[in-house]
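Data block for coords.cif (mmCIF, C-alpha atoms):
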```
data_target
#
loop_
_atom_site.label_atom_id
_atom_site.label_comp_id
_atom_site.auth_asym_id
_atom_site.auth_seq_id
_atom_site.Cartn_x
_atom_site.Cartn_y
_atom_site.Cartn_z
CA GLN A 25 14.71 8.41 7.10
CA VAL A 26 15.07 5.96 4.26
CA GLN A 27 12.18 3.53 3.98
CA LEU A 28 11.70 0.71 1.54
CA VAL A 29 8.40 -1.12 1.73
CA GLU A 30 7.84 -4.21 -0.37
CA SER A 31 4.37 -5.25 -1.41
CA ALA A 32 2.95 -8.47 -0.07
CA GLY A 33 4.14 -11.51 -1.96
CA GLY A 34 1.83 -14.27 -0.84
CA LEU A 35 0.99 -17.72 -2.09
CA VAL A 36 1.10 -18.22 -5.83
CA GLN A 37 0.51 -21.31 -7.91
CA ALA A 38 3.39 -22.70 -9.91
CA GLY A 39 3.24 -21.45 -13.46
CA GLY A 40 1.62 -18.22 -12.42
CA SER A 41 3.02 -14.70 -12.34
CA LEU A 42 3.71 -12.25 -9.58
CA SER A 43 4.67 -8.60 -9.51
CA LEU A 44 6.47 -7.34 -6.46
CA SER A 45 6.78 -3.65 -5.82
CA CYS A 46 8.95 -1.65 -3.47
CA ALA A 47 7.90 1.84 -2.48
CA ALA A 48 10.77 4.08 -1.50
CA SER A 49 10.85 7.23 0.58
CA GLY A 50 13.28 9.35 2.54
CA PHE A 51 15.76 9.86 -0.27
CA THR A 52 15.89 11.01 -3.87
CA PHE A 53 14.84 7.80 -5.53
CA ARG A 54 15.82 8.79 -9.05
CA ASN A 55 19.42 9.31 -7.96
CA LEU A 56 20.22 5.72 -7.00
CA ALA A 57 20.35 2.34 -8.61
CA MET A 58 18.09 -0.24 -6.99
CA GLY A 59 18.19 -3.97 -6.58
CA TRP A 60 16.29 -7.07 -5.55
CA PHE A 61 17.68 -9.92 -3.52
CA ARG A 62 16.17 -13.12 -2.20
CA GLN A 63 16.78 -15.49 0.64
CA ALA A 64 15.45 -19.00 0.46
CA PRO A 65 15.22 -21.23 3.54
CA GLY A 66 18.67 -22.39 4.58
CA ALA A 67 20.37 -20.29 1.92
CA GLU A 68 22.27 -17.04 1.89
CA CYS A 69 20.81 -13.83 0.61
CA ALA A 70 21.39 -13.83 -3.12
CA PHE A 71 21.35 -11.18 -5.82
CA VAL A 72 18.40 -11.29 -8.18
CA ALA A 73 18.27 -8.12 -10.25
CA THR A 74 19.40 -4.52 -10.40
CA ILE A 75 18.42 -1.45 -12.35
CA SER A 76 20.26 1.79 -12.90
CA ARG A 77 18.86 5.12 -11.80
CA SER A 78 17.90 5.94 -15.36
CA SER A 79 16.31 2.54 -16.07
CA GLY A 80 18.64 2.33 -19.04
CA ASN A 81 20.64 -0.56 -17.67
CA THR A 82 19.59 -3.71 -15.88
CA ALA A 83 21.29 -6.88 -14.79
CA LEU A 84 19.84 -10.16 -13.61
CA ALA A 85 21.41 -13.15 -12.00
CA THR A 86 21.90 -15.88 -14.57
CA THR A 87 19.66 -18.25 -12.66
CA TRP A 88 16.61 -16.08 -13.21
CA LYS A 89 17.18 -14.60 -16.62
CA GLY A 90 14.20 -15.07 -18.86
CA ARG A 91 11.57 -15.21 -16.13
CA PHE A 92 12.41 -12.21 -13.95
CA THR A 93 12.19 -8.59 -15.00
CA ILE A 94 13.15 -5.52 -13.01
CA SER A 95 11.76 -2.09 -13.73
CA ARG A 96 11.25 1.20 -11.96
CA ASP A 97 8.98 4.21 -12.04
CA ASN A 98 10.93 7.18 -10.81
CA PRO A 99 7.97 9.59 -10.50
CA LYS A 100 6.28 6.98 -8.28
CA ASN A 101 9.46 6.18 -6.31
CA THR A 102 8.86 2.51 -6.93
CA VAL A 103 10.89 -0.42 -8.20
CA TYR A 104 9.27 -3.61 -9.43
CA LEU A 105 10.18 -7.24 -9.86
CA GLN A 106 8.05 -9.25 -12.25
CA ILE A 107 8.28 -13.01 -11.94
CA ASN A 108 6.72 -15.18 -14.61
CA ASN A 109 6.21 -18.93 -14.79
CA LEU A 110 6.76 -19.28 -11.06
CA LYS A 111 8.49 -22.40 -9.85
CA PRO A 112 8.57 -23.88 -6.35
CA THR A 113 12.26 -22.93 -6.20
CA ASP A 114 11.25 -19.28 -6.46
CA ALA A 115 9.88 -19.45 -2.93
CA ALA A 116 11.92 -17.09 -0.77
CA VAL A 117 11.85 -13.81 1.06
CA TYR A 118 12.45 -11.05 -1.47
CA TYR A 119 14.14 -7.81 -0.50
CA CYS A 120 14.60 -4.54 -2.30
CA ALA A 121 17.59 -2.36 -1.54
CA THR A 122 19.27 0.88 -2.47
CA ALA A 123 22.59 0.65 -4.25
CA LEU A 124 25.66 2.74 -3.61
CA SER A 125 25.56 3.92 -7.21
CA SER A 126 24.45 7.23 -8.55
CA ALA A 127 25.92 7.18 -12.06
CA PRO A 128 23.11 7.12 -14.62
CA TRP A 129 23.99 3.77 -16.18
CA GLN A 130 25.62 2.03 -13.25
CA VAL A 131 24.24 -1.16 -11.73
CA GLU A 132 25.42 -3.19 -8.77
CA THR A 133 25.32 -6.96 -8.42
CA GLU A 134 27.19 -7.40 -5.13
CA LYS A 135 25.36 -7.30 -1.83
CA ARG A 136 28.13 -5.22 -0.24
CA ARG A 137 27.26 -2.44 -2.66
CA TYR A 138 23.81 -2.00 -1.12
CA ASP A 139 23.06 -0.09 2.04
CA TYR A 140 19.37 0.36 2.82
CA TRP A 141 17.06 -2.66 2.76
CA GLY A 142 13.34 -3.28 2.95
CA GLN A 143 11.84 -5.65 5.48
CA GLY A 144 11.31 -8.35 2.89
CA THR A 145 8.25 -10.05 1.52
CA GLN A 146 7.55 -13.76 1.53
CA VAL A 147 6.77 -15.51 -1.72
CA THR A 148 5.41 -19.03 -1.49
CA VAL A 149 4.81 -21.16 -4.56
CA SER A 150 2.43 -24.09 -4.56
CA SER A 151 3.06 -26.95 -6.94
#
```
So, in terms of structure tokens, how does the structure I just supplied come out?
Amino acid sequence: QVQLVESAGGLVQAGGSLSLSCAASGFTFRNLAMGWFRQAPGAECAFVATISRSSGNTALATTWKGRFTISRDNPKNTVYLQINNLKPTDAAVYYCATALSSAPWQVETEKRRYDYWGQGTQVTVSS
């Protein structure tokens, strides 16, 4: 069955960096676009970043452009989210998910275009 397991986020000091990873199994990883979402306390789950199956195309939510980077390693079946210059507002539960896209350059920014989700990982930022 499809499994997506995010790495532990943890407590990070503001201004620091954090790399989240999501290990995938149970499907052909290289065939699907992937994405990251986040849910802050009291807020809805929001799109963060997406990457095409070929890594040739990425998209990030405007709010996090410049500090967030998404990447993937297809041979390792892993997608990453790098967060630099962490801010207290980055605190949230971060989820990775598989997109309903298999075209090489296609990316998805809408939550409804994702089907399988990881369990989420908590990121806490201390000021």
(message) Taking all atoms listed in the file into account, name the residue in A:Glu134, A:Glu68, A:Asp114, A:Asp139 that is nearest to Val36 of chain A.
(response)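 That would be A:Asp114, the residue with the smallest distance to Val36 of chain A.
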- Task: Kindly extract all protein, DNA and RNA residues lying within 6 Å of the coordinates (7.8, -6.4, -7.8) given in the file, considering all atoms listed in the file, and supply them as a ChimeraX atom specification.
- Result: /A:43-45,104-106
*List the neighbours of Ala127 of chain A out to 8 Å using all atoms listed in the file; skip same-chain residues closer than 4 positions along the sequence, and give me the result as a PyMOL selection string.*
chain A and resi 55-56+76-77
Just checking: using only C-alpha atoms, which residue out of A:Ala85, A:Ile75, A:Leu42, A:Ala47 ends up closest to Gln27 of chain A?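 That would be A:Ala47, the residue with the smallest distance to Gln27 of chain A.
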- atom CA of Gly59 of chain A to atom CA of Arg136 of chain A: how many Å, to one decimal?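 We find that atom CA of Gly59 of chain A and atom CA of Arg136 of chain A lie 11.9 Å from each other.
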Which residue out of A:Thr113, A:Thr74, A:Thr52, A:Asn98 has the minimum interatomic distance to Tyr138 of chain A when all atoms listed in the file are used?
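Answer, going by the shortest atom-to-atom distance: A:Thr74.
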Picked residues, the PyMOL selection byres ((chain A and resi 38-40) around 7), as a PyMOL selection string: chain A and resi 36-37+41-42+108-112+149-151
Review point. Between A:Lys89, A:Gly34, A:Phe61, A:Arg54, which one has atoms that come closest to Thr102 of chain A, using all atoms listed in the file?
Key: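 Closest to Thr102 of chain A, using all atoms listed in the file: A:Arg54.
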Evaluated on this file, the PyMOL selection byres ((chain A and resi 48) around 10) picks out some residues - which ones are they, written as a PyMOL selection string? chain A and resi 26-30+45-47+49-53+98+100-103+120-122+142
task = Given the file shown, enumerate the residues that the PyMOL selection byres ((chain A and resi 83) around 6) captures and present them as a PyMOL selection string.
result = chain A and resi 73-74+82+84
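For the pair atom CA of Ser126 of chain A and atom CA of Ile107 of chain A, the interatomic distance is 26.1 Å.
Using all atoms listed in the file, the smallest distance between any of A:Gly80, A:Val147, A:Ala116, A:Trp141 and Ala64 of chain A comes from A:Ala116.
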Expressed in Å, the length from atom CA of Val72 of chain A to atom CA of Trp88 of chain A is 7.2 Å
### Closest of A:Val131, A:Ala115, A:Ala123, A:Ile94 to Gln63 of chain A - atom-to-atom distances counting all atoms listed in the file
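For Gln63 of chain A, the nearest of the given residues is A:Ala115.
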Centre and edges of the segment 79-91 of chain A box, axis-aligned, 4 Å extra per side, as AutoDock Vina command-line options:
```
--center_x 16.7 --center_y -7.9 --center_z -15.5 --size_x 18.3 --size_y 28.8 --size_z 15.0
```
Within 6 Å of (14.5, -10.6, 1.1), in the coordinates the file gives, what residues turn up when you count only C-alpha atoms, written out as a ChimeraX atom specification?
/A:61-63,117-119,144
